[in-house]
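Step one of this worksheet: look at the structure below.
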Amino acid sequence: MMRRFVVFFSAFASLLVVGPTTPAHADQDPRLGGAQIFTGRGFDTCQAPSLGTMAAWTDSPYRAVGVYIGGRGRACPDQHHLTPDWVRGVTDMGWNLLPLYVGSQSPCVHSDRKRRYAIDPDRAWRMGVAEGRDAVRQAEELGMLPASPLYLDMEAYDRKDARCADVTLTFVQGWNREVSRHGYLPGFYSSAGSGVTHLQQARDAGERDLPEVMWFARWNDRPDVAGEPTLSAGDWQPHRRIHQYRGNVKETHGGRTVNIDRNLVDAPVAVIG
């Protein structure tokens with residue numbers, strides 16, 4: 001009887017130690033878990049363009065588009081075109097969607113206008129969980145199914161401020177765990193020298209509940225998902241990276257002009273129901 005108790009306790013203790021974490025499959029091909037992968041050029045823009053503009057832009061080199069589905073820090077909260085019908089319409093045109101969520105921001109965010117959305121240090125985990133749940137709800141309402149990625153947009157912050165970095169990481173971990181709990185893939189967008197470096201350091205330190213996909217901004221006009229120096233070569237691979245290589249540029253295709261950021265994508269895109 002005592003031996004059976006020891007075995008049971010050891011197994012239970014192992015579950016407590018492992019807990020929710022960066023999944024064991026985090027460095028496997030995401031398609032094994034039902035994800036859909038797009039490899040090629042993509043763009044993101046503050047306001048989801050009209051169906052007419054998206055149709056015109058099928059003449060462009062892009063086939064993926066980042067759309068801002070929610071979050072209190074979203075720069076364009078009034079998305080005039082972003083509806084389930086829009087999602088279905090652009091998907092039928094052959095577009096792949098990258099859902100972005102701009103929630104609470106780091107308390108040491110560099111942008112003055114983002115500081116009003118600062119994470120409360122005393123509620124960082126709870127805020128992350130609540131906003132992760134909201135991100136899932138927004139995706140569901142747009143017809144984006146589990147196995148879709150949801151990319152948390154965390155603007156550049158002072159990662160060398162240890163207290164602030166800890167608060168930010170706690171929020172991100174809470175958000176990731178909740179998104180994962182609902183069957184979605186937690187992704188992370190930030191600048192290469194800020195949030196991306198911080199998350200790589202957290203991964204190296206063995207932190208849990210980290211993003212499964214990394215979207216890094218390095219505006220060097222040299223699109224490359226594999227060679228980012230702040231990321232370890234084998235981490236967030238395969239098909240788990242996006243490089244935003246140029247920002248705030250105007251392009252015209254099919255007679256329609258849009259202000260965009262340019263991206264090279266090798267990562268999961270939304271699964272549309």
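Scheme for the structure tokens: letters A, B, ... for chains in order shown; per-chain residue numbers from 1; ligand numbers from 1 in order shown.
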Q: With a distance cut-off of 8 Å and only C-alpha atoms, select the neighbouring residues of range 185-199 of chain A, excluding the residue or stretch itself and same-chain residues fewer than 4 positions from it, and output the selection as an NGL selection string.
A: :A and (146-159 or 165 or 169 or 175-176 or 179-180 or 203 or 210-218 or 230-231)
Q. Which residues in range 22-269 of chain A does DSSP call helix (DSSP H, G or I)? List them as a ChimeraX atom specification.
A. /A:30-33,51-59,84-92,112-117,121-141,162-181,192-204
(Q) Quick one: residues within 12 Å of Ala226 in chain A, only C-alpha atoms, excluding same-chain residues fewer than 2 positions away - as a PyMOL selection string? (A) chain A and resi 214-216+222-224+228-243+264-267
Q. Which residues, written as a PyMOL selection string, have at least one atom at most 6 Å from Pro268 in chain A, with only C-alpha atoms counted and residues fewer than 4 positions away on the same chain left out?
A. chain A and resi 35-37
Can I get the selection written as a short mmCIF file (atom, residue, chain, number, x, y, z; two decimals), in the first residue's frame, with N, CA and C atoms?
data_model
loop_
_atom_site.label_atom_id
_atom_site.label_comp_id
_atom_site.auth_asym_id
_atom_site.auth_seq_id
_atom_site.Cartn_x
_atom_site.Cartn_y
_atom_site.Cartn_z
N ALA A 35 -2.50 23.36 -37.51
CA ALA A 35 -2.28 24.73 -38.00
C ALA A 35 -2.16 24.73 -39.52
N GLN A 36 -2.49 25.87 -40.10
CA GLN A 36 -2.29 26.10 -41.52
C GLN A 36 -1.13 27.07 -41.69
N ILE A 37 -0.19 26.74 -42.55
CA ILE A 37 1.04 27.51 -42.71
C ILE A 37 1.01 28.30 -44.01
#
Q: Mind checking which residues fall within 7 Å of range 62-79 of chain A, counting only C-alpha atoms, ignoring those fewer than 3 positions away in the same chain, and posting them as a PyMOL selection string?
A: chain A and resi 41-48+82+95-104+114+117+135+138-139
Q) Which neighbours of Cys164 in chain A fall inside 12 Å, counting only C-alpha atoms, when residues of the same chain fewer than 6 positions from it are skipped, and could you give them as a PyMOL selection string? A) chain A and resi 105-109+118-122+124+157-158+170-171+195+198
Q. Residues of range 155-241 of chain A in strand (DSSP E) according to DSSP, as an MDAnalysis selection string?
A. chainID A and resid 185:191 213:217 241
Q. For the atom pair CA of Ser60 in chain A and CA of Arg262 in chain A, what is the interatomic distance in Å to one decimal place?
A. 12.0 Å
